[in-house]
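Novice: Just so it is clear, I am handing over query_35.pdb, which has PDB, C-alpha atoms and all ligand atoms.
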ATOM      1  CA  MET A 274      -5.674 -14.124 -16.760
ATOM      2  CA  PRO A 275      -5.395 -15.559 -13.252
ATOM      3  CA  ASP A 276      -8.064 -14.473 -10.758
ATOM      4  CA  ILE A 277      -5.521 -12.899  -8.416
ATOM      5  CA  LEU A 278      -2.232 -11.114  -9.113
ATOM      6  CA  ILE A 279       0.462 -11.773  -6.546
ATOM      7  CA  SER A 280       3.234  -9.201  -6.534
ATOM      8  CA  GLU A 281       6.464 -10.532  -5.041
ATOM      9  CA  VAL A 282       8.079  -7.835  -2.880
ATOM     10  CA  GLY A 283      10.736  -9.866  -1.059
ATOM     11  CA  LEU A 284      13.545  -8.392  -3.128
ATOM     12  CA  ARG A 285      12.579  -4.923  -1.880
ATOM     13  CA  ASP A 286      10.659  -5.094   1.389
ATOM     14  CA  GLY A 287      12.346  -8.301   2.564
ATOM     15  CA  LEU A 288      15.912  -7.408   1.690
ATOM     16  CA  GLN A 289      15.697  -3.852   3.020
ATOM     17  CA  SER A 290      14.698  -5.263   6.412
ATOM     18  CA  ILE A 291      17.851  -7.325   6.887
ATOM     19  CA  ASP A 292      21.399  -6.087   7.330
ATOM     20  CA  ARG A 293      23.087  -8.535   5.016
ATOM     21  CA  VAL A 294      23.442  -7.710   1.344
ATOM     22  CA  MET A 295      22.309 -10.335  -1.155
ATOM     23  CA  THR A 296      24.573 -10.627  -4.186
ATOM     24  CA  LEU A 297      23.333  -9.485  -7.571
ATOM     25  CA  ALA A 298      23.725 -13.050  -8.862
ATOM     26  CA  ALA A 299      21.467 -14.416  -6.115
ATOM     27  CA  LYS A 300      18.848 -11.717  -6.735
ATOM     28  CA  CYS A 301      18.844 -12.590 -10.439
ATOM     29  CA  ALA A 302      18.563 -16.323  -9.691
ATOM     30  CA  TRP A 303      15.646 -15.584  -7.330
ATOM     31  CA  ILE A 304      13.840 -13.576 -10.006
ATOM     32  CA  ASP A 305      14.464 -16.228 -12.688
ATOM     33  CA  ALA A 306      13.137 -19.005 -10.449
ATOM     34  CA  GLU A 307       9.993 -17.101  -9.475
ATOM     35  CA  VAL A 308       9.290 -16.254 -13.104
ATOM     36  CA  ALA A 309       9.728 -19.950 -13.961
ATOM     37  CA  ALA A 310       7.169 -20.718 -11.231
ATOM     38  CA  GLY A 311       4.685 -18.341 -12.881
ATOM     39  CA  VAL A 312       5.120 -15.083 -10.953
ATOM     40  CA  THR A 313       4.314 -12.145 -13.269
ATOM     41  CA  GLU A 314       5.043  -9.097 -11.109
ATOM     42  CA  ILE A 315       8.126  -8.545  -8.929
ATOM     43  CA  GLU A 316       9.121  -5.426  -7.019
ATOM     44  CA  VAL A 317      12.856  -5.798  -7.539
ATOM     45  CA  GLY A 318      14.212  -2.922  -5.484
ATOM     46  CA  SER A 319      14.073   0.717  -4.575
ATOM     47  CA  PHE A 320      15.802   3.790  -5.984
ATOM     48  CA  VAL A 321      17.046   5.308  -2.751
ATOM     49  CA  PRO A 322      20.573   6.592  -2.016
ATOM     50  CA  ALA A 323      22.965   3.645  -1.617
ATOM     51  CA  LYS A 324      24.208   5.003   1.705
ATOM     52  CA  LEU A 325      20.690   4.687   3.157
ATOM     53  CA  LEU A 326      20.008   1.171   1.862
ATOM     54  CA  PRO A 327      23.180  -0.561   0.638
ATOM     55  CA  GLN A 328      21.082  -3.756   0.292
ATOM     56  CA  LEU A 329      19.311  -2.191  -2.696
ATOM     57  CA  ALA A 330      22.222  -0.258  -4.219
ATOM     58  CA  ASP A 331      22.247  -2.490  -7.328
ATOM     59  CA  THR A 332      18.567  -1.943  -8.184
ATOM     60  CA  ALA A 333      19.320  -0.578 -11.679
ATOM     61  CA  ALA A 334      21.260  -3.744 -12.518
ATOM     62  CA  VAL A 335      18.470  -5.913 -11.077
ATOM     63  CA  VAL A 336      15.896  -4.071 -13.205
ATOM     64  CA  ALA A 337      18.050  -4.602 -16.297
ATOM     65  CA  HIS A 338      18.182  -8.335 -15.587
ATOM     66  CA  ALA A 339      14.473  -8.664 -14.753
ATOM     67  CA  ARG A 340      13.491  -6.865 -17.974
ATOM     68  CA  ARG A 341      14.844  -9.798 -19.969
ATOM     69  CA  HIS A 342      11.782 -11.818 -18.935
ATOM     70  CA  PRO A 343       8.968 -11.096 -21.390
ATOM     71  CA  GLY A 344       5.652 -10.717 -19.629
ATOM     72  CA  LEU A 345       7.175  -9.842 -16.252
ATOM     73  CA  THR A 346       6.121  -6.517 -14.738
ATOM     74  CA  VAL A 347       9.268  -5.064 -13.191
ATOM     75  CA  ALA A 348       8.197  -2.851 -10.297
ATOM     76  CA  VAL A 349      10.295  -0.573  -8.087
ATOM     77  CA  LEU A 350       9.757   1.750  -5.160
ATOM     78  CA  VAL A 351      10.711   5.398  -5.605
ATOM     79  CA  PRO A 352      10.771   7.849  -2.690
ATOM     80  CA  ASN A 353      10.867  10.998  -4.826
ATOM     81  CA  ALA A 354      11.323  12.483  -8.315
ATOM     82  CA  LYS A 355      15.051  11.837  -8.289
ATOM     83  CA  GLY A 356      14.433   8.138  -7.640
ATOM     84  CA  ALA A 357      11.751   8.071 -10.337
ATOM     85  CA  GLU A 358      14.166   9.563 -12.848
ATOM     86  CA  ALA A 359      16.625   6.735 -12.149
ATOM     87  CA  ALA A 360      13.820   4.149 -12.264
ATOM     88  CA  ILE A 361      12.590   5.385 -15.655
ATOM     89  CA  ALA A 362      16.150   5.459 -17.009
ATOM     90  CA  ALA A 363      16.602   1.862 -15.854
ATOM     91  CA  GLY A 364      13.388   0.825 -17.623
ATOM     92  CA  ALA A 365      11.108  -0.108 -14.706
ATOM     93  CA  HIS A 366       7.533  -0.913 -15.766
ATOM     94  CA  LYS A 367       5.855   0.197 -12.552
ATOM     95  CA  LEU A 368       6.759   2.895 -10.027
ATOM     96  CA  THR A 369       5.319   3.002  -6.532
ATOM     97  CA  LEU A 370       5.770   6.144  -4.475
ATOM     98  CA  PRO A 371       4.785   5.879  -0.803
ATOM     99  CA  LEU A 372       2.919   8.649   0.980
ATOM    100  CA  SER A 373       2.671   8.010   4.694
ATOM    101  CA  ALA A 374      -0.771   8.712   6.142
ATOM    102  CA  SER A 375       1.017   9.658   9.344
ATOM    103  CA  GLU A 376       2.794  12.955   8.794
ATOM    104  CA  THR A 377       5.093  12.226  11.740
ATOM    105  CA  HIS A 378       6.161   9.009   9.984
ATOM    106  CA  SER A 379       6.586  10.893   6.706
ATOM    107  CA  LEU A 380       8.820  13.511   8.326
ATOM    108  CA  LYS A 381      10.885  10.887  10.083
ATOM    109  CA  ASN A 382      11.337   8.565   7.081
ATOM    110  CA  LEU A 383      11.363  10.897   4.098
ATOM    111  CA  ARG A 384      11.905  14.215   5.928
ATOM    112  CA  ARG A 385       8.928  15.564   4.003
ATOM    113  CA  THR A 386       5.464  16.865   4.865
ATOM    114  CA  HIS A 387       2.409  15.567   2.998
ATOM    115  CA  ALA A 388       2.443  18.680   0.805
ATOM    116  CA  GLN A 389       6.096  18.135  -0.064
ATOM    117  CA  VAL A 390       5.527  14.457  -0.964
ATOM    118  CA  LEU A 391       2.573  15.465  -3.162
ATOM    119  CA  ASP A 392       4.874  17.946  -4.961
ATOM    120  CA  GLU A 393       7.178  15.005  -5.725
ATOM    121  CA  VAL A 394       4.191  12.980  -6.961
ATOM    122  CA  ARG A 395       3.252  15.774  -9.382
ATOM    123  CA  ALA A 396       6.844  15.933 -10.651
ATOM    124  CA  VAL A 397       6.931  12.159 -11.177
ATOM    125  CA  ALA A 398       3.527  12.180 -12.922
ATOM    126  CA  ALA A 399       4.840  14.818 -15.352
ATOM    127  CA  MET A 400       7.956  12.745 -15.970
ATOM    128  CA  VAL A 401       5.855   9.634 -16.641
ATOM    129  CA  GLN A 402       3.558  11.533 -19.015
ATOM    130  CA  ALA A 403       6.595  12.792 -20.934
ATOM    131  CA  GLN A 404       7.598   9.222 -21.813
ATOM    132  CA  PRO A 405       6.644   7.975 -25.273
ATOM    133  CA  ALA A 406       3.355   6.045 -25.352
ATOM    134  CA  GLY A 407       4.077   2.348 -24.963
ATOM    135  CA  ALA A 408       7.139   3.031 -22.791
ATOM    136  CA  ARG A 409       5.209   4.837 -20.048
ATOM    137  CA  PRO A 410       5.554   3.151 -16.663
ATOM    138  CA  HIS A 411       2.476   2.560 -14.519
ATOM    139  CA  PHE A 412       2.530   4.987 -11.593
ATOM    140  CA  GLU A 413       1.071   3.995  -8.234
ATOM    141  CA  GLY A 414       0.793   6.158  -5.137
ATOM    142  CA  SER A 415       0.746   4.013  -2.048
ATOM    143  CA  VAL A 416      -0.765   5.297   1.187
ATOM    144  CA  SER A 417       1.539   3.756   3.762
ATOM    145  CA  THR A 418       0.779   3.434   7.500
ATOM    146  CA  ALA A 419      -2.834   3.438   6.249
ATOM    147  CA  PHE A 420      -4.074   1.228   9.095
ATOM    148  CA  GLY A 421      -2.149   2.748  11.977
ATOM    149  CA  CYS A 422       1.256   4.169  12.820
ATOM    150  CA  THR A 423       3.912   3.227  15.360
ATOM    151  CA  LEU A 424       4.495   6.943  16.019
ATOM    152  CA  GLU A 425       1.012   8.493  15.790
ATOM    153  CA  GLY A 426      -1.135   5.482  16.676
ATOM    154  CA  VAL A 427      -4.603   5.674  15.155
ATOM    155  CA  VAL A 428      -4.850   6.800  11.523
ATOM    156  CA  THR A 429      -8.371   7.941  10.636
ATOM    157  CA  GLU A 430     -10.317   6.694   7.630
ATOM    158  CA  SER A 431     -10.961  10.288   6.555
ATOM    159  CA  LYS A 432      -7.226  11.031   6.470
ATOM    160  CA  VAL A 433      -6.567   8.022   4.201
ATOM    161  CA  VAL A 434      -9.455   8.951   1.905
ATOM    162  CA  GLU A 435      -8.209  12.555   1.731
ATOM    163  CA  LEU A 436      -4.700  11.389   0.786
ATOM    164  CA  ALA A 437      -5.996   8.893  -1.798
ATOM    165  CA  GLU A 438      -7.913  11.738  -3.449
ATOM    166  CA  ALA A 439      -4.857  13.982  -3.265
ATOM    167  CA  LEU A 440      -2.703  11.301  -4.917
ATOM    168  CA  MET A 441      -5.205  10.901  -7.760
ATOM    169  CA  ALA A 442      -5.349  14.680  -8.207
ATOM    170  CA  ALA A 443      -1.544  14.773  -8.286
ATOM    171  CA  GLY A 444      -1.535  12.402 -11.260
ATOM    172  CA  VAL A 445      -1.048   8.800 -10.142
ATOM    173  CA  ASP A 446      -2.681   6.032 -12.213
ATOM    174  CA  GLU A 447      -3.686   4.068  -9.163
ATOM    175  CA  VAL A 448      -3.662   4.169  -5.348
ATOM    176  CA  GLY A 449      -2.563   1.319  -3.096
ATOM    177  CA  LEU A 450      -2.975   0.867   0.647
ATOM    178  CA  SER A 451      -0.123  -0.395   2.822
ATOM    179  CA  ASP A 452      -0.335  -1.861   6.290
ATOM    180  CA  THR A 453       3.285  -0.886   6.897
ATOM    181  CA  THR A 454       3.047  -1.506  10.635
ATOM    182  CA  GLY A 455       0.950  -4.687  10.704
ATOM    183  CA  TYR A 456      -1.876  -2.948  12.606
ATOM    184  CA  ALA A 457      -4.709  -3.859  10.220
ATOM    185  CA  ASN A 458      -7.632  -6.121  11.072
ATOM    186  CA  PRO A 459     -10.163  -7.588   8.618
ATOM    187  CA  ALA A 460     -13.068  -5.308   9.574
ATOM    188  CA  GLN A 461     -10.817  -2.291   9.129
ATOM    189  CA  VAL A 462      -9.582  -3.551   5.736
ATOM    190  CA  ARG A 463     -13.165  -3.901   4.475
ATOM    191  CA  ALA A 464     -14.200  -0.493   5.772
ATOM    192  CA  LEU A 465     -11.155   1.387   4.508
ATOM    193  CA  VAL A 466     -11.179  -0.192   1.039
ATOM    194  CA  ARG A 467     -14.914   0.581   0.720
ATOM    195  CA  ALA A 468     -14.349   4.190   1.778
ATOM    196  CA  VAL A 469     -11.488   4.705  -0.689
ATOM    197  CA  HIS A 470     -13.426   2.968  -3.485
ATOM    198  CA  ALA A 471     -16.354   5.307  -2.864
ATOM    199  CA  ALA A 472     -14.042   8.313  -3.134
ATOM    200  CA  ILE A 473     -11.846   7.472  -6.157
ATOM    201  CA  GLY A 474     -13.551   4.520  -7.862
ATOM    202  CA  ALA A 475     -13.085   0.778  -7.396
ATOM    203  CA  ASP A 476     -10.848   0.545 -10.479
ATOM    204  CA  ARG A 477      -8.337   2.960  -8.868
ATOM    205  CA  LEU A 478      -7.635   0.828  -5.807
ATOM    206  CA  THR A 479      -7.018  -2.810  -6.698
ATOM    207  CA  GLY A 480      -4.037  -3.745  -4.531
ATOM    208  CA  LEU A 481      -3.110  -4.161  -0.870
ATOM    209  CA  HIS A 482       0.311  -4.382   0.762
ATOM    210  CA  LEU A 483      -0.165  -6.357   3.964
ATOM    211  CA  HIS A 484       2.136  -7.473   6.742
ATOM    212  CA  ASN A 485       1.723 -10.436   9.078
ATOM    213  CA  THR A 486       3.151  -8.803  12.181
ATOM    214  CA  ARG A 487       0.233  -9.866  14.377
ATOM    215  CA  GLY A 488      -0.747 -12.989  12.470
ATOM    216  CA  LEU A 489      -3.648 -11.348  10.618
ATOM    217  CA  GLY A 490      -2.049 -11.175   7.176
ATOM    218  CA  LEU A 491      -4.155 -13.866   5.480
ATOM    219  CA  ALA A 492      -7.307 -12.864   7.371
ATOM    220  CA  ASN A 493      -6.784  -9.378   5.963
ATOM    221  CA  VAL A 494      -6.383 -10.865   2.471
ATOM    222  CA  MET A 495      -9.784 -12.543   2.915
ATOM    223  CA  ALA A 496     -11.281  -9.185   3.869
ATOM    224  CA  GLY A 497      -9.670  -7.613   0.805
ATOM    225  CA  LEU A 498     -11.153 -10.330  -1.429
ATOM    226  CA  ASP A 499     -14.589  -9.566   0.022
ATOM    227  CA  VAL A 500     -14.378  -5.978  -1.222
ATOM    228  CA  GLY A 501     -12.963  -6.684  -4.674
ATOM    229  CA  ILE A 502      -9.201  -6.430  -4.177
ATOM    230  CA  THR A 503      -7.368  -8.484  -6.837
ATOM    231  CA  THR A 504      -3.661  -7.744  -6.208
ATOM    232  CA  PHE A 505      -1.733  -8.672  -3.081
ATOM    233  CA  ASP A 506       1.919  -8.058  -2.231
ATOM    234  CA  ALA A 507       3.777 -10.918  -0.553
ATOM    235  CA  SER A 508       7.330 -11.948   0.208
ATOM    236  CA  LEU A 509       8.857 -15.362  -0.380
ATOM    237  CA  GLY A 510       9.591 -16.997   2.956
ATOM    238  CA  GLY A 511       8.314 -13.822   4.658
ATOM    239  CA  LEU A 512      11.925 -12.708   4.284
ATOM    240  CA  GLY A 513      12.939  -9.911   6.578
ATOM    241  CA  GLY A 514      10.740 -10.910   9.469
ATOM    242  CA  CYS A 515       9.500  -8.276  11.845
ATOM    243  CA  PRO A 516      12.006  -6.450  14.048
ATOM    244  CA  PHE A 517       9.327  -5.840  16.711
ATOM    245  CA  ALA A 518       7.979  -9.386  16.823
ATOM    246  CA  PRO A 519      10.614 -12.116  16.657
ATOM    247  CA  GLY A 520       9.184 -15.257  15.050
ATOM    248  CA  ALA A 521       6.677 -13.290  12.971
ATOM    249  CA  SER A 522       7.137 -12.877   9.258
ATOM    250  CA  GLY A 523       7.222  -9.355   7.860
ATOM    251  CA  ASN A 524       5.166  -9.375   4.685
ATOM    252  CA  ILE A 525       2.625 -12.113   4.211
ATOM    253  CA  VAL A 526       4.372 -15.262   2.996
ATOM    254  CA  THR A 527       4.000 -15.768  -0.771
ATOM    255  CA  GLU A 528       3.865 -19.573  -0.452
ATOM    256  CA  ASP A 529       1.039 -19.477   2.145
ATOM    257  CA  LEU A 530      -0.879 -16.896   0.122
ATOM    258  CA  VAL A 531      -0.663 -18.986  -3.062
ATOM    259  CA  PHE A 532      -1.736 -22.075  -1.120
ATOM    260  CA  MET A 533      -4.764 -20.373   0.422
ATOM    261  CA  LEU A 534      -5.984 -18.853  -2.832
ATOM    262  CA  GLU A 535      -5.448 -21.964  -4.960
ATOM    263  CA  ALA A 536      -7.050 -24.210  -2.313
ATOM    264  CA  MET A 537     -10.070 -21.878  -2.424
ATOM    265  CA  GLY A 538     -10.316 -22.291  -6.202
ATOM    266  CA  LEU A 539      -8.825 -18.900  -7.103
ATOM    267  CA  THR A 540      -6.129 -19.061  -9.771
ATOM    268  CA  THR A 541      -2.795 -17.272  -9.283
ATOM    269  CA  GLY A 542      -0.907 -18.615 -12.306
ATOM    270  CA  ILE A 543       1.831 -19.751  -9.904
ATOM    271  CA  ASP A 544       2.979 -23.378  -9.660
ATOM    272  CA  LEU A 545       3.180 -23.949  -5.914
ATOM    273  CA  GLU A 546       5.569 -26.925  -6.074
ATOM    274  CA  LYS A 547       8.000 -24.846  -8.122
ATOM    275  CA  LEU A 548       7.567 -21.820  -5.867
ATOM    276  CA  LEU A 549       8.455 -23.863  -2.784
ATOM    277  CA  GLN A 550      11.745 -24.833  -4.456
ATOM    278  CA  VAL A 551      12.733 -21.166  -4.811
ATOM    279  CA  ARG A 552      13.300 -21.018  -1.042
ATOM    280  CA  HIS A 553      16.531 -22.976  -1.556
ATOM    281  CA  ILE A 554      17.999 -19.992  -3.395
ATOM    282  CA  LEU A 555      17.294 -17.743  -0.393
ATOM    283  CA  ALA A 556      18.555 -20.303   2.092
ATOM    284  CA  GLU A 557      21.832 -20.634   0.188
ATOM    285  CA  ALA A 558      22.321 -16.924  -0.453
ATOM    286  CA  LEU A 559      21.525 -15.864   3.114
ATOM    287  CA  PRO A 560      22.576 -18.762   5.363
ATOM    288  CA  GLY A 561      20.977 -18.618   8.793
ATOM    289  CA  GLU A 562      18.401 -15.997   7.832
ATOM    290  CA  PRO A 563      14.993 -17.157   9.109
ATOM    291  CA  LEU A 564      12.464 -18.098   6.447
ATOM    292  CA  TYR A 565       8.811 -18.255   7.450
ATOM    293  CA  GLY A 566       5.703 -19.969   6.149
ATOM    294  CA  PHE A 567       3.367 -22.707   7.337
ATOM    295  CA  THR A 568       2.848 -24.389   3.960
ATOM    296  CA  PRO A 569       6.583 -24.910   3.338
ATOM    297  CA  ASP A 570       6.963 -26.440   6.816
ATOM    298  CA  ALA A 571       3.881 -28.664   6.674
ATOM    299  CA  GLY A 572       3.981 -29.556   2.980
ATOM    300  CA  LEU A 573       1.035 -29.670   0.604
ATOM    301  CA  PRO A 574      -2.014 -31.621   1.758
ATOM    302  CA  LEU A 575      -2.527 -35.066   0.258
ATOM    303  CA  GLY A 576      -4.706 -34.733  -2.841
ATOM    304  CA  PHE A 577      -4.107 -30.988  -3.185
ATOM    305  CA  VAL A 578      -4.699 -29.714  -6.703
ATOM    306  CA  GLN A 579      -4.257 -26.178  -7.918
ATOM    307  CA  ALA A 580      -7.227 -24.173  -9.078
ATOM    308  CA  ALA A 581      -7.991 -24.398 -12.790
TER     309      ALA A 581
HETATM  310 ZN    ZN B 601       5.935  -3.420   3.728
END
Just dump the structure as structure tokens.

Specialist:
Amino acid sequence: MPDILISEVGLRDGLQSIDRVMTLAAKCAWIDAEVAAGVTEIEVGSFVPAKLLPQLADTAAVVAHARRHPGLTVAVLVPNAKGAEAAIAAGAHKLTLPLSASETHSLKNLRRTHAQVLDEVRAVAAMVQAQPAGARPHFEGSVSTAFGCTLEGVVTESKVVELAEALMAAGVDEVGLSDTTGYANPAQVRALVRAVHAAIGADRLTGLHLHNTRGLGLANVMAGLDVGITTFDASLGGLGGCPFAPGASGNIVTEDLVFMLEAMGLTTGIDLEKLLQVRHILAEALPGEPLYGFTPDAGLPLGFVQAA
């Protein structure tokens, strides 16, 4: 087992942030190449109505393709019970349902209050439990806008803790924290993870979804490592960028994250040379779309060896 699990989210978070639609063939080639590089978890799409996100309309077909790779965890985002039903029918291994810490954000994006989202979580948990043992997907509730909100501003630690507890009570297997807006700083990451760990147990919060909007993505990863986080979401080439900050990647860049961890002696199971080659698939499928990352631009340092 590698020390750190990197979950590639470019096919969901990256693609939903750009207007152009990547072909199914290119998505499949992207998945195949990342798996060949050693990536073991990919969030391949989202089960939302096609009219809202035409970029992700083929998610069921992408799941079907990704499932052919033994050992790959095929993850998807689901906004509600209806999406979860489709995700389970498609055979996704992991479902993530976001609950926005900011109720204003929740109403605007999902048109649902916290209580209404938690009702959906309970319905999904029941659906998951009804699956035969061995075919039961892992169910994660993700507290989004956990570090601050573009509509409400400050999000308090107590609100995030309260929602993490509510998610656990509603039947999720695990809680994640998302810096949806790129507001997080390292001190805040440490404090919030500690507070949530104290409330629900360290084994129930193992992953962070970070953005690099203000350049603090990798610094926030370091803070997460300090407090025992072992799973990080990242996007190849930082695909999608940030609409509010031109020149800034959206998610943290998978290539830079792998480089940092491996250079520090932490294993990821990912072959960095092979991973860097996967960018060509994106560049060809989405000509002109900016791809980010310092490591791809600068190249690997002379004498660099991966952690063993
Ligand atoms: Zn995100």

Novice: Using all atoms listed in the file, which of the listed residues (A:Arg340, A:Ile315, A:Leu288, A:Thr418) sits closest to Ala507 (chain A)?

Specialist: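 Among A:Arg340, A:Ile315, A:Leu288, A:Thr418, it is A:Ile315 that comes nearest to Ala507 (chain A).
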
Novice: List every residue of chain A that has an atom at most 12 Å from any atom of ligand ZN 601 (chain B), giving for each one its closest atom pair and the distance in Å to one decimal, counting only C-alpha atoms and all ligand atoms, sorted by chain and then by ascending residue number, as JSON lines.

Specialist:
{"residue": "A:Glu281", "atom": "CA", "partner": "B:ZN601", "partner_atom": "ZN", "distance": 11.3}
{"residue": "A:Val282", "atom": "CA", "partner": "B:ZN601", "partner_atom": "ZN", "distance": 8.2}
{"residue": "A:Gly283", "atom": "CA", "partner": "B:ZN601", "partner_atom": "ZN", "distance": 9.4}
{"residue": "A:Leu284", "atom": "CA", "partner": "B:ZN601", "partner_atom": "ZN", "distance": 11.4}
{"residue": "A:Arg285", "atom": "CA", "partner": "B:ZN601", "partner_atom": "ZN", "distance": 8.8}
{"residue": "A:Asp286", "atom": "CA", "partner": "B:ZN601", "partner_atom": "ZN", "distance": 5.5}
{"residue": "A:Gly287", "atom": "CA", "partner": "B:ZN601", "partner_atom": "ZN", "distance": 8.1}
{"residue": "A:Leu288", "atom": "CA", "partner": "B:ZN601", "partner_atom": "ZN", "distance": 10.9}
{"residue": "A:Gln289", "atom": "CA", "partner": "B:ZN601", "partner_atom": "ZN", "distance": 9.8}
{"residue": "A:Ser290", "atom": "CA", "partner": "B:ZN601", "partner_atom": "ZN", "distance": 9.3}
{"residue": "A:Glu316", "atom": "CA", "partner": "B:ZN601", "partner_atom": "ZN", "distance": 11.4}
{"residue": "A:Leu350", "atom": "CA", "partner": "B:ZN601", "partner_atom": "ZN", "distance": 11.0}
{"residue": "A:Pro371", "atom": "CA", "partner": "B:ZN601", "partner_atom": "ZN", "distance": 10.4}
{"residue": "A:Ser373", "atom": "CA", "partner": "B:ZN601", "partner_atom": "ZN", "distance": 11.9}
{"residue": "A:Ser415", "atom": "CA", "partner": "B:ZN601", "partner_atom": "ZN", "distance": 10.7}
{"residue": "A:Val416", "atom": "CA", "partner": "B:ZN601", "partner_atom": "ZN", "distance": 11.3}
{"residue": "A:Ser417", "atom": "CA", "partner": "B:ZN601", "partner_atom": "ZN", "distance": 8.4}
{"residue": "A:Thr418", "atom": "CA", "partner": "B:ZN601", "partner_atom": "ZN", "distance": 9.4}
{"residue": "A:Ala419", "atom": "CA", "partner": "B:ZN601", "partner_atom": "ZN", "distance": 11.4}
{"residue": "A:Gly449", "atom": "CA", "partner": "B:ZN601", "partner_atom": "ZN", "distance": 11.9}
{"residue": "A:Leu450", "atom": "CA", "partner": "B:ZN601", "partner_atom": "ZN", "distance": 10.4}
{"residue": "A:Ser451", "atom": "CA", "partner": "B:ZN601", "partner_atom": "ZN", "distance": 6.8}
{"residue": "A:Asp452", "atom": "CA", "partner": "B:ZN601", "partner_atom": "ZN", "distance": 7.0}
{"residue": "A:Thr453", "atom": "CA", "partner": "B:ZN601", "partner_atom": "ZN", "distance": 4.8}
{"residue": "A:Thr454", "atom": "CA", "partner": "B:ZN601", "partner_atom": "ZN", "distance": 7.7}
{"residue": "A:Gly455", "atom": "CA", "partner": "B:ZN601", "partner_atom": "ZN", "distance": 8.7}
{"residue": "A:Tyr456", "atom": "CA", "partner": "B:ZN601", "partner_atom": "ZN", "distance": 11.8}
{"residue": "A:Leu481", "atom": "CA", "partner": "B:ZN601", "partner_atom": "ZN", "distance": 10.2}
{"residue": "A:His482", "atom": "CA", "partner": "B:ZN601", "partner_atom": "ZN", "distance": 6.4}
{"residue": "A:Leu483", "atom": "CA", "partner": "B:ZN601", "partner_atom": "ZN", "distance": 6.8}
{"residue": "A:His484", "atom": "CA", "partner": "B:ZN601", "partner_atom": "ZN", "distance": 6.3}
{"residue": "A:Asn485", "atom": "CA", "partner": "B:ZN601", "partner_atom": "ZN", "distance": 9.8}
{"residue": "A:Thr486", "atom": "CA", "partner": "B:ZN601", "partner_atom": "ZN", "distance": 10.4}
{"residue": "A:Gly490", "atom": "CA", "partner": "B:ZN601", "partner_atom": "ZN", "distance": 11.7}
{"residue": "A:Phe505", "atom": "CA", "partner": "B:ZN601", "partner_atom": "ZN", "distance": 11.5}
{"residue": "A:Asp506", "atom": "CA", "partner": "B:ZN601", "partner_atom": "ZN", "distance": 8.6}
{"residue": "A:Ala507", "atom": "CA", "partner": "B:ZN601", "partner_atom": "ZN", "distance": 8.9}
{"residue": "A:Ser508", "atom": "CA", "partner": "B:ZN601", "partner_atom": "ZN", "distance": 9.3}
{"residue": "A:Gly511", "atom": "CA", "partner": "B:ZN601", "partner_atom": "ZN", "distance": 10.7}
{"residue": "A:Leu512", "atom": "CA", "partner": "B:ZN601", "partner_atom": "ZN", "distance": 11.1}
{"residue": "A:Gly513", "atom": "CA", "partner": "B:ZN601", "partner_atom": "ZN", "distance": 10.0}
{"residue": "A:Gly514", "atom": "CA", "partner": "B:ZN601", "partner_atom": "ZN", "distance": 10.6}
{"residue": "A:Cys515", "atom": "CA", "partner": "B:ZN601", "partner_atom": "ZN", "distance": 10.1}
{"residue": "A:Ser522", "atom": "CA", "partner": "B:ZN601", "partner_atom": "ZN", "distance": 11.0}
{"residue": "A:Gly523", "atom": "CA", "partner": "B:ZN601", "partner_atom": "ZN", "distance": 7.3}
{"residue": "A:Asn524", "atom": "CA", "partner": "B:ZN601", "partner_atom": "ZN", "distance": 6.1}
{"residue": "A:Ile525", "atom": "CA", "partner": "B:ZN601", "partner_atom": "ZN", "distance": 9.3}
{"residue": "A:Val526", "atom": "CA", "partner": "B:ZN601", "partner_atom": "ZN", "distance": 12.0}

Novice: Rounded to one decimal place, report the CA of Leu534 (chain A)-CA of Val462 (chain A) distance in Å.

Specialist: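 CA of Val462 (chain A) lies at a distance of 17.9 Å from CA of Leu534 (chain A).
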
Novice: CA of Val500 (chain A) to CA of Glu438 (chain A): how many Å, to one decimal?

Specialist: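 Computing it gives 19.0 Å between the two atoms.
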
Novice: Could you give me, as a compact mmCIF listing (two decimals) with C-alpha atoms, keeping the file's coordinate frame, the residues that have an atom at most 9 Å away from the point (9.4, -19.8, -12.4) in the coordinates of the file, using all atoms listed in the file?

Specialist:
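Output file out.txt follows:
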# COMPACT_ATOMS: atom_id res chain seq x y z
CA ILE A 304 13.84 -13.58 -10.01
CA ASP A 305 14.46 -16.23 -12.69
CA ALA A 306 13.14 -19.00 -10.45
CA GLU A 307 9.99 -17.10 -9.48
CA VAL A 308 9.29 -16.25 -13.10
CA ALA A 309 9.73 -19.95 -13.96
CA ALA A 310 7.17 -20.72 -11.23
CA GLY A 311 4.68 -18.34 -12.88
CA VAL A 312 5.12 -15.08 -10.95
CA ILE A 543 1.83 -19.75 -9.90
CA ASP A 544 2.98 -23.38 -9.66
CA LYS A 547 8.00 -24.85 -8.12
CA LEU A 548 7.57 -21.82 -5.87
CA VAL A 551 12.73 -21.17 -4.81

Novice: Kindly indicate which residue among A:Met495, A:Met537, A:Ile554, A:Val401 lies nearest to Leu509 (chain A), using only C-alpha atoms for the distances.

Specialist: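 Once distances to Leu509 (chain A) are computed over only C-alpha atoms, the minimum belongs to A:Ile554.
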
Novice: Applying 7 Å and only C-alpha atoms, which residues near Thr313 (chain A) remain after dropping the ones on its own chain fewer than 4 positions away? List them as a JSON list (two decimals) with C-alpha atoms, in the frame of the given file.

Specialist:
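This went into selection_11.json:
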[["chain", "number", "residue", "atom", "x", "y", "z"],
["A", 308, "VAL", "CA", 9.29, -16.25, -13.10],
["A", 344, "GLY", "CA", 5.65, -10.72, -19.63],
["A", 345, "LEU", "CA", 7.18, -9.84, -16.25],
["A", 346, "THR", "CA", 6.12, -6.52, -14.74]]

Novice: Evaluate the PyMOL selection byres (((chain A and resi 447) around 9) and not hetatm) against this structure - the residues, as a ChimeraX atom specification, please.

Specialist: /A:411-415,440-441,444-446,448-449,476-479
